[in-house]
$ cat run-v5.cif   # mmCIF, C-alpha atoms
data_upload
#
loop_
_atom_site.label_atom_id
_atom_site.label_comp_id
_atom_site.auth_asym_id
_atom_site.auth_seq_id
_atom_site.Cartn_x
_atom_site.Cartn_y
_atom_site.Cartn_z
CA MET A 1419 -8.36 9.35 0.43
CA GLU A 1420 -8.48 9.90 4.19
CA GLU A 1421 -7.81 6.24 5.05
CA ALA A 1422 -4.67 6.22 2.91
CA ALA A 1423 -3.37 9.37 4.60
CA THR A 1424 -4.08 7.86 8.02
CA CYS A 1425 -2.23 4.70 7.02
CA ARG A 1426 0.79 6.66 5.80
CA ARG A 1427 1.06 8.48 9.12
CA ALA A 1428 0.74 5.20 11.03
CA VAL A 1429 3.48 3.59 8.95
CA ARG A 1430 5.81 6.53 9.52
CA ASP A 1431 5.17 6.20 13.23
CA ALA A 1432 5.87 2.44 13.11
CA ILE A 1433 9.34 2.93 11.62
CA ARG A 1434 10.38 6.09 13.47
CA ASP A 1435 12.85 4.17 15.66
CA ILE A 1436 14.60 2.37 12.78
CA ALA A 1437 18.33 3.06 12.66
CA PRO A 1438 20.48 4.10 10.93
CA SER A 1439 18.61 7.07 9.55
CA ASP A 1440 19.63 6.22 5.97
CA LEU A 1441 17.78 2.92 6.25
CA ARG A 1442 14.74 4.62 7.77
CA THR A 1443 14.74 7.13 4.91
CA GLU A 1444 14.96 4.32 2.37
CA MET A 1445 12.02 2.55 4.00
CA GLY A 1446 10.00 5.76 3.95
CA ASP A 1447 10.75 6.20 0.27
CA VAL A 1448 9.55 2.67 -0.42
CA ILE A 1449 6.28 3.38 1.38
CA ASP A 1450 5.85 6.62 -0.56
CA GLY A 1451 6.26 4.71 -3.80
CA THR A 1452 3.88 1.87 -2.92
CA SER A 1453 0.11 1.67 -3.19
CA LEU A 1454 -1.56 2.24 0.18
CA VAL A 1455 -4.56 0.07 -0.69
CA PRO A 1456 -3.75 -2.67 1.89
CA GLY A 1457 -3.43 -0.25 4.79
CA ALA A 1458 -6.43 1.81 3.73
CA LEU A 1459 -8.52 -1.33 3.28
CA THR A 1460 -7.67 -2.39 6.84
CA ILE A 1461 -9.23 0.83 8.12
CA VAL A 1462 -12.20 0.66 5.75
CA SER A 1463 -12.95 -2.94 6.74
CA ALA A 1464 -13.12 -1.99 10.43
CA ARG A 1465 -15.81 0.53 9.56
CA ALA A 1466 -17.59 -2.00 7.36
CA ALA A 1467 -17.73 -4.33 10.37
CA GLY A 1468 -19.44 -1.62 12.40
CA GLY A 1469 -16.39 -0.70 14.49
CA ASP A 1470 -14.30 2.38 15.14
CA PRO A 1471 -11.60 2.59 12.43
CA ASP A 1472 -9.36 4.58 14.78
CA HIS A 1473 -8.78 1.34 16.69
CA VAL A 1474 -6.96 -0.34 13.78
CA THR A 1475 -4.51 2.28 12.53
CA GLU A 1476 -1.53 0.40 13.98
CA ARG A 1477 -2.73 -2.82 12.35
CA ALA A 1478 -3.12 -0.93 9.07
CA ALA A 1479 0.54 0.03 9.34
CA GLY A 1480 1.52 -3.61 9.90
CA VAL A 1481 -0.39 -4.79 6.84
CA GLN A 1482 1.06 -2.00 4.72
CA LEU A 1483 4.61 -2.70 5.85
CA ILE A 1484 4.32 -6.34 4.81
CA TYR A 1485 2.86 -5.51 1.40
CA SER A 1486 5.41 -2.79 0.68
CA GLY A 1487 8.32 -5.02 1.70
CA LEU A 1488 7.19 -8.09 -0.22
CA GLY A 1489 6.29 -5.97 -3.24
CA LEU A 1490 9.82 -4.57 -3.34
CA ILE A 1491 11.34 -8.05 -2.98
CA ARG A 1492 9.22 -9.20 -5.93
CA LYS A 1493 10.39 -6.23 -8.00
CA LEU A 1494 14.04 -6.84 -7.19
CA ALA A 1495 13.68 -10.55 -7.97
CA ARG A 1496 12.40 -9.69 -11.44
CA GLU A 1497 15.01 -7.01 -12.13
CA ASP A 1498 17.88 -8.89 -10.41
CA PRO A 1499 20.35 -5.99 -10.27
CA TRP A 1500 23.06 -8.36 -9.00
CA ALA A 1501 22.95 -10.67 -12.05
CA GLY A 1502 26.34 -10.95 -13.74
CA ARG A 1503 27.86 -8.33 -11.46
CA VAL A 1504 28.94 -10.48 -8.53
CA THR A 1505 31.49 -13.25 -9.09
CA LEU A 1506 33.55 -15.44 -6.81
CA GLU A 1507 37.29 -15.64 -7.54
CA GLY A 1508 38.77 -18.13 -5.11
CA ASP A 1509 38.08 -16.66 -1.68
CA ASP A 1510 37.47 -13.19 -3.08
CA VAL A 1511 34.15 -11.69 -4.14
CA GLU A 1512 34.40 -9.48 -7.20
CA VAL A 1513 31.71 -6.83 -7.66
CA GLU A 1514 31.27 -4.96 -10.92
CA GLY A 1515 29.93 -1.47 -10.44
CA ASP A 1516 28.20 0.05 -7.43
CA LEU A 1517 25.46 -2.12 -5.94
CA THR A 1518 24.90 0.06 -2.87
CA GLU A 1519 21.44 1.12 -4.03
CA ALA A 1520 20.30 -2.45 -4.67
CA ASP A 1521 21.77 -3.68 -1.39
CA MET A 1522 20.03 -0.91 0.54
CA ALA A 1523 16.75 -1.69 -1.23
CA ILE A 1524 16.76 -5.38 -0.30
CA LEU A 1525 17.72 -4.52 3.28
CA ALA A 1526 14.85 -2.03 3.47
CA ALA A 1527 12.45 -4.63 2.10
CA ASP A 1528 13.50 -7.21 4.69
CA VAL A 1529 13.14 -4.73 7.56
CA LEU A 1530 9.74 -3.56 6.30
CA VAL A 1531 8.41 -7.12 6.39
CA SER A 1532 10.00 -7.81 9.77
CA ARG A 1533 8.50 -4.67 11.29
CA GLY A 1534 5.11 -5.56 9.83
CA PHE A 1535 5.32 -8.95 11.54
CA TYR A 1536 6.27 -7.25 14.79
CA VAL A 1537 3.25 -4.95 14.64
CA LEU A 1538 0.82 -7.80 13.92
CA ALA A 1539 2.50 -10.44 16.10
CA HIS A 1540 -0.01 -10.43 18.95
CA THR A 1541 -3.15 -9.89 16.89
CA ASP A 1542 -5.68 -12.24 15.32
CA ALA A 1543 -4.11 -11.39 11.96
CA ALA A 1544 -0.73 -12.92 12.85
CA GLY A 1545 -1.55 -16.32 11.35
CA LYS A 1546 -2.62 -14.82 8.04
CA ALA A 1547 0.53 -12.67 8.01
CA VAL A 1548 2.67 -15.81 8.31
CA GLU A 1549 0.61 -17.53 5.61
CA THR A 1550 1.03 -14.52 3.31
CA VAL A 1551 4.81 -14.58 3.56
CA ARG A 1552 4.96 -18.36 3.16
CA ASN A 1553 2.78 -18.20 0.05
CA PHE A 1554 4.96 -15.43 -1.33
CA GLY A 1555 8.13 -17.48 -0.81
CA ARG A 1556 6.55 -20.47 -2.54
CA ASP A 1557 5.46 -18.34 -5.50
CA GLN A 1558 8.91 -16.80 -5.86
CA THR A 1559 10.44 -20.29 -5.95
CA LEU A 1560 7.95 -21.41 -8.61
CA ALA A 1561 8.54 -18.21 -10.58
CA ARG A 1562 12.18 -19.13 -11.17
CA SER A 1563 11.16 -22.06 -13.36
CA SER A 1564 8.01 -20.52 -14.82
CA GLU A 1565 7.81 -19.35 -18.42
CA ASP A 1566 5.55 -16.53 -17.28
CA PRO A 1567 6.24 -15.67 -13.61
CA SER A 1568 3.80 -12.76 -13.82
CA GLU A 1569 0.97 -15.31 -13.60
CA LEU A 1570 1.89 -15.79 -9.94
CA ASP A 1571 2.30 -12.13 -9.07
CA ALA A 1572 -1.33 -11.32 -8.24
CA ASN A 1573 -1.31 -13.90 -5.43
CA LEU A 1574 0.53 -11.38 -3.25
CA GLU A 1575 -2.16 -8.76 -3.73
CA VAL A 1576 -4.93 -11.27 -2.98
CA ASP A 1577 -3.21 -12.44 0.21
CA CYS A 1578 -2.43 -8.92 1.41
CA LEU A 1579 -5.98 -7.67 0.89
CA GLU A 1580 -7.34 -10.72 2.71
CA LEU A 1581 -4.87 -9.90 5.48
CA ALA A 1582 -6.18 -6.33 5.51
CA VAL A 1583 -9.78 -7.45 5.97
CA ILE A 1584 -8.83 -9.87 8.75
CA ALA A 1585 -6.70 -7.27 10.54
CA GLY A 1586 -9.38 -4.62 10.26
CA THR A 1587 -12.41 -6.61 11.36
CA THR A 1588 -10.76 -8.56 14.17
CA GLY A 1589 -9.33 -5.29 15.43
CA VAL A 1590 -12.87 -4.18 16.26
CA GLY A 1591 -13.94 -7.47 17.78
CA THR A 1592 -15.52 -9.42 14.92
CA ASP A 1593 -14.53 -11.94 12.28
CA PRO A 1594 -14.61 -10.90 8.62
CA SER A 1595 -17.77 -11.89 6.81
CA THR A 1596 -17.57 -14.14 3.79
CA GLU A 1597 -18.79 -11.20 1.70
CA LEU A 1598 -15.99 -8.94 2.88
CA VAL A 1599 -13.31 -11.55 2.21
CA GLU A 1600 -14.68 -12.18 -1.27
CA ALA A 1601 -14.84 -8.43 -1.90
CA ALA A 1602 -11.17 -8.10 -0.93
CA ARG A 1603 -10.20 -10.91 -3.29
CA ARG A 1604 -12.21 -9.35 -6.09
CA ILE A 1605 -10.63 -5.94 -5.53
CA ALA A 1606 -7.17 -7.54 -5.69
CA ARG A 1607 -7.90 -9.41 -8.91
CA GLU A 1608 -9.44 -6.40 -10.63
CA ALA A 1609 -6.91 -3.81 -9.47
CA GLY A 1610 -3.92 -5.43 -11.16
CA VAL A 1611 -0.25 -5.71 -10.20
CA PRO A 1612 1.02 -3.71 -8.49
CA LEU A 1613 -2.01 -2.12 -6.85
CA GLY A 1614 -2.82 1.43 -7.88
CA ASP A 1615 -3.88 4.55 -6.01
CA ALA A 1616 -6.06 3.74 -3.00
CA GLU A 1617 -8.82 6.16 -3.93
CA ASP A 1618 -9.02 4.78 -7.48
CA VAL A 1619 -9.03 1.16 -6.32
CA LEU A 1620 -11.37 1.42 -3.33
CA THR A 1621 -13.89 4.03 -4.48
CA ASP A 1622 -16.64 3.36 -7.00
CA PRO A 1623 -17.23 6.69 -8.79
CA ASP A 1624 -20.85 5.72 -9.46
CA LEU A 1625 -21.56 5.53 -5.73
CA GLY A 1626 -20.41 9.02 -4.77
CA GLU A 1627 -17.52 10.17 -2.63
CA ASP A 1628 -19.39 9.57 0.65
CA ALA A 1629 -20.00 5.88 -0.05
CA ASP A 1630 -18.15 3.32 2.04
CA PRO A 1631 -16.12 1.53 -0.65
CA LEU A 1632 -15.78 -1.91 0.90
CA VAL A 1633 -19.38 -2.12 2.08
CA ASP A 1634 -20.64 -1.13 -1.34
CA VAL A 1635 -18.31 -3.46 -3.22
CA ALA A 1636 -19.18 -6.32 -0.90
CA GLY A 1637 -22.88 -5.74 -1.28
CA THR A 1638 -23.41 -6.03 2.48
CA ASP A 1639 -23.87 -3.71 5.43
CA ALA A 1640 -22.10 -3.22 8.72
CA GLU A 1641 -24.68 -5.26 10.63
CA GLY A 1642 -24.34 -8.18 8.24
CA ALA A 1643 -20.57 -7.99 8.32
CA ALA A 1644 -20.50 -8.22 12.08
CA ARG A 1645 -23.05 -11.02 12.14
CA THR A 1646 -21.54 -13.31 9.49
CA SER A 1647 -18.21 -14.94 10.27
CA ALA A 1648 -15.81 -16.17 7.62
CA SER A 1649 -15.88 -19.47 9.47
CA ASP A 1650 -19.48 -19.93 8.33
CA SER A 1651 -18.34 -20.45 4.75
#
$ encode --input "run-v5.cif" --output "structure tokens"
Amino acid sequence: MEEAATCRRAVRDAIRDIAPSDLRTEMGDVIDGTSLVPGALTIVSARAAGGDPDHVTERAAGVQLIYSGLGLIRKLAREDPWAGRVTLEGDDVEVEGDLTEADMAILAADVLVSRGFYVLAHTDAAGKAVETVRNFGRDQTLARSSEDPSELDANLEVDCLELAVIAGTTGVGTDPSTELVEAARRIAREAGVPLGDAEDVLTDPDLGEDADPLVDVAGTDAEGAARTSASDS
């Protein structure tokens, strides 16, 4: 999918100055192993709003960085590679085995989210980015005492795809329509956790490869998207 490839290049560009190089490589590996649906949807939503998608590639990178980072944090929280392997003996910390890989992973996740915030900081999507991370933190706290923490997992996908629509449409000078926001939520709920391949998630095979996935899923057109603000709901 062209939008996914564009997003991947934008993300690589957004982290090119990260040092040391080992951390940058780790972050790149995380991106390569994460669904690019959020970033691709940012670009698609700009087109659905009647704008030039080339204007939102940097925003797409910011959205993708946040999703990839939070997704990795969620994964590490479930696996908890540190459990039972780190103990405190007086003033000394005892570590069983090599936790370098896990430590590098959590560091990469934190920097991914931070860089995503940096990219979106002065955009109309900044507020939703903050809300997304706050919601994620709340869900992770609730998950610790939940019998089935997986029930909370899909909230991250819903928030990140809403963030994508907001970042994409506001990047071309319009608010997201109610239809586009609802389409993003529906895509997130139907795609599962974690999100899959961007082309599989965002393209309806019955509509043909030239169909605009978000416009078709939303059941609206570019003119309607630009005309109807989410604030009208």
$ atom_distance --input "run-v5.cif" --atom1 "CA of Cys1425 in chain A" --atom2 "CA of Leu1454 in chain A"
7.3 Å
$ resolve_selection --input "run-v5.cif" --expression "the PyMOL selection byres ((chain A and resi 1445-1449) around 9)" --output "list in words"
Arg1426, Val1429, Arg1430, Ile1433, Asp1440, Leu1441, Arg1442, Thr1443, Glu1444, Asp1450, Gly1451, Thr1452, Ser1453, Leu1454, Gln1482, Leu1483, Ser1486, Gly1487, Leu1490, Ala1523, Ala1526, Ala1527, Val1529 and Leu1530 of chain A
$ resolve_selection --input "run-v5.cif" --expression "the PyMOL selection byres ((chain A and resi 1571) around 9)" --output "VMD selection string"
chain A and resid 1492 1554 1557 to 1558 1561 1567 to 1570 1572 to 1575 1611 to 1612
$ residues_around --input "run-v5.cif" --residues "Val1481 in chain A" --least-positions-apart "6" --cutoff "7 Å" --atoms "all atoms listed in the file" --output "PyMOL selection string"
chain A and resi 1456-1457+1534+1581-1582
$ axis_aligned_box --input "run-v5.cif" --around "range 1476-1489 of chain A" --padding-each-side "6 Å" --output "JSON"
{"center_x": 2.6, "center_y": -3.8, "center_z": 5.4, "size_x": 23.4, "size_y": 20.5, "size_z": 29.2}
$ closest_residue --input "run-v5.cif" --among "A:Gly1586, A:Tyr1536, A:Ala1616, A:Thr1596" --to "Ala1466 in chain A" --atoms "only C-alpha atoms"
A:Gly1586
$ resolve_selection --input "run-v5.cif" --expression "the PyMOL selection byres ((chain A and resi 1472) around 12)" --output "PyMOL selection string"
chain A and resi 1420-1421+1424-1425+1428+1458+1460-1465+1469-1471+1473-1478+1586+1589-1590
